[in-house]
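**Student:** This structure is in structure tokens; I'll ask about it shortly.
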Amino acid sequence: MKPTDKLTQLQRQGTINPQELNLAEKWLGPARLQHTLAVLENGQLLCSSFDGLHRQQTDFFKTIIFHDLARDLPRDTQQQLATDYRGKLDQLELKIPALWHGPAAARLLVEKLHYSPDDQIVRAVAEHSTGAPKKNLLADGLVVADFSSTDRKFAAARRIRDNFTKKSLERLTLETLRYKIGFCLQKFHRIHPRSVEAYNRVIR
Ligand SMILES: [Fe+2]
Ligand SMILES: [Fe+2]
């Protein structure tokens, strides 16, 4: 099945509506769509392990489909959309362009599909690069599914994926954030406080 046919199938099944299908078709280029579908497949696996996610399956799948909508936009467009979503980007966020596409996609959902900025789906999309400081099951599921999808070839991704049936979603989120933050430390990259807040929220 072609990747675009998969999107159409999701619309026929009622996971996304026609406007959502249009937005996904318009903004997700071929490579991005392929990644998105790999994350979706991983998300389906997570849903079969975790009842909480299973109960919110449709919202979770929408969250996955929308999460990288803005990833291929020019940097300045991402920055503008992200600024529109947040009101203002903080000093650190301004220095980390990789963090802009999440809130930029959130802004597209508000602007084009009239979601509330506080909707759980929108918040999860906005915070998918850092992790969510406040409890949000969709955000935790997305962080895990995105990091460990089959198109990621690094060992840590496979380790997380192999533990879907062995560990709690909270633990998988914690381990994913640990890898992400650890990578930033190793590479001398900046770490946004939201990543640390998300990590502290899930640690026990
Ligand atoms: Fe992303
Ligand atoms: Fe992604």
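Labels used: A, B, ... for chains in the order of the structure tokens, numbers from 1 for residues in each chain, and numbers from 1 for ligands as shown.
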At a cut-off of 9 Å and counting only C-alpha atoms and all ligand atoms, what residues surround ligand 1? Please answer as a ChimeraX atom specification.
**Tutor:** /A:67-71,98-99,101-102,125,128-129,146
**Student:** Please give me, as an mmCIF file with C-alpha atoms, in the first residue's frame, the residues lying within 12 Å of ligand 2 when counting only C-alpha atoms and all ligand atoms.
**Tutor:**
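Listed below is the output, pocket-v4.cif:
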data_model
loop_
_atom_site.group_PDB
_atom_site.id
_atom_site.type_symbol
_atom_site.label_atom_id
_atom_site.label_comp_id
_atom_site.auth_asym_id
_atom_site.auth_seq_id
_atom_site.Cartn_x
_atom_site.Cartn_y
_atom_site.Cartn_z
ATOM 1 C CA LEU A 28 3.773 15.945 5.017
ATOM 2 C CA ALA A 31 9.988 11.189 3.605
ATOM 3 C CA ARG A 32 8.110 12.799 6.498
ATOM 4 C CA LEU A 33 5.004 10.769 5.729
ATOM 5 C CA GLN A 34 7.048 7.594 5.781
ATOM 6 C CA HIS A 35 8.443 8.505 9.232
ATOM 7 C CA THR A 36 4.945 9.420 10.433
ATOM 8 C CA LEU A 37 3.554 6.061 9.342
ATOM 9 C CA ALA A 38 6.448 4.247 11.070
ATOM 10 C CA VAL A 39 5.609 6.138 14.290
ATOM 11 C CA LEU A 40 1.941 5.281 13.789
ATOM 12 C CA ASN A 42 4.760 1.847 16.684
ATOM 13 C CA GLY A 43 1.878 3.732 18.319
ATOM 14 C CA THR A 63 -1.389 13.245 17.650
ATOM 15 C CA ILE A 64 1.070 11.030 15.789
ATOM 16 C CA ILE A 65 -0.193 12.032 12.341
ATOM 17 C CA PHE A 66 0.136 15.739 13.196
ATOM 18 C CA HIS A 67 3.367 15.765 15.216
ATOM 19 C CA ASP A 68 5.840 16.565 12.414
ATOM 20 C CA LEU A 69 3.501 18.593 10.177
ATOM 21 C CA ALA A 70 5.795 21.637 10.326
ATOM 22 C CA ARG A 71 9.121 19.830 10.192
ATOM 23 C CA ASP A 72 9.834 20.535 6.524
ATOM 24 C CA ALA A 98 15.057 21.825 16.470
ATOM 25 C CA LEU A 99 12.439 22.769 19.096
ATOM 26 C CA HIS A 101 8.617 22.454 14.614
ATOM 27 C CA GLY A 102 6.532 21.080 17.545
ATOM 28 C CA ALA A 105 2.642 22.219 14.120
ATOM 29 C CA VAL A 125 2.342 17.919 19.471
ATOM 30 C CA ALA A 126 3.832 21.159 20.843
ATOM 31 C CA GLU A 127 5.942 19.315 23.397
ATOM 32 C CA HIS A 128 6.986 16.218 21.494
ATOM 33 C CA SER A 129 10.655 17.238 21.166
ATOM 34 C CA THR A 130 11.208 17.962 24.858
ATOM 35 C CA LEU A 142 4.158 10.188 21.324
ATOM 36 C CA VAL A 143 7.610 10.769 22.837
ATOM 37 C CA VAL A 144 8.093 7.006 23.166
ATOM 38 C CA ALA A 145 6.591 6.033 19.784
ATOM 39 C CA ASP A 146 8.539 8.762 17.949
ATOM 40 C CA PHE A 147 11.882 7.911 19.542
ATOM 41 C CA SER A 148 11.614 4.159 19.061
ATOM 42 C CA SER A 149 9.898 3.825 15.660
ATOM 43 C CA THR A 150 11.326 1.227 13.261
ATOM 44 C CA ASP A 151 12.872 3.911 11.042
ATOM 45 C CA ARG A 152 15.301 4.763 13.887
#
**Student:** With the cut-off set at 7 Å and counting only C-alpha atoms, tabulate each residue of range 84-169 of chain A with an atom at most that distance from an atom of range 183-198 of chain A, showing the nearest atom pair and its distance in Å to one decimal, ordered by chain and increasing number, as CSV.
**Tutor:**
residue,atom,partner,partner_atom,distance
A:Leu92,CA,A:His192,CA,6.7
A:Thr130,CA,A:Ser195,CA,4.5
A:Gly131,CA,A:Ala198,CA,5.4
A:Ala132,CA,A:Ala198,CA,5.1
A:Pro133,CA,A:Ala198,CA,4.1
**Student:** Please, could you write that set of residues out with N, CA and C atoms as a tab-separated table (two decimals), in the first residue's frame?
**Tutor:**
chain	number	residue	atom	x	y	z
A	92	LEU	N	16.20	30.52	25.50
A	92	LEU	CA	16.85	29.26	25.17
A	92	LEU	C	16.22	28.62	23.94
A	130	THR	N	10.62	17.87	23.52
A	130	THR	CA	11.21	17.96	24.86
A	130	THR	C	10.63	16.93	25.82
A	131	GLY	N	9.36	16.53	25.59
A	131	GLY	CA	8.61	15.82	26.62
A	131	GLY	C	7.73	16.84	27.31
A	132	ALA	N	6.65	16.33	27.94
A	132	ALA	CA	5.66	17.23	28.52
A	132	ALA	C	5.88	17.45	30.01
A	133	PRO	N	6.04	18.70	30.45
A	133	PRO	CA	6.20	18.96	31.89
A	133	PRO	C	4.97	18.56	32.70
**Student:** Please measure the separation of CA of Phe61 in chain A and CA of Ala124 in chain A, giving the value in Å to one decimal.
**Tutor:**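 These atoms are spaced 11.7 Å apart.
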**Student:** Which residues, written as a ChimeraX atom specification, have at least one atom at most 10 Å from range 6-9 of chain A, with only C-alpha atoms counted and residues fewer than 3 positions away on the same chain left out?
**Tutor:** /A:1-3,12-18,20-22,24-25,33,37,65
**Student:** Have a look at A:Leu10, A:Lys112, A:Asn136, A:Ala106 and name the one nearest to Gln56 in chain A; count only C-alpha atoms.
**Tutor:**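 Between A:Leu10, A:Lys112, A:Asn136, A:Ala106, the residue approaching Gln56 in chain A most closely is A:Asn136.
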**Student:** As a PyMOL selection string, which residues of range 39-159 of chain A does DSSP assign to alpha helix (DSSP H)?
**Tutor:** chain A and resi 39-49+51-55+57-66+75-86+91-94+101-113+120-126+137-147+155-159
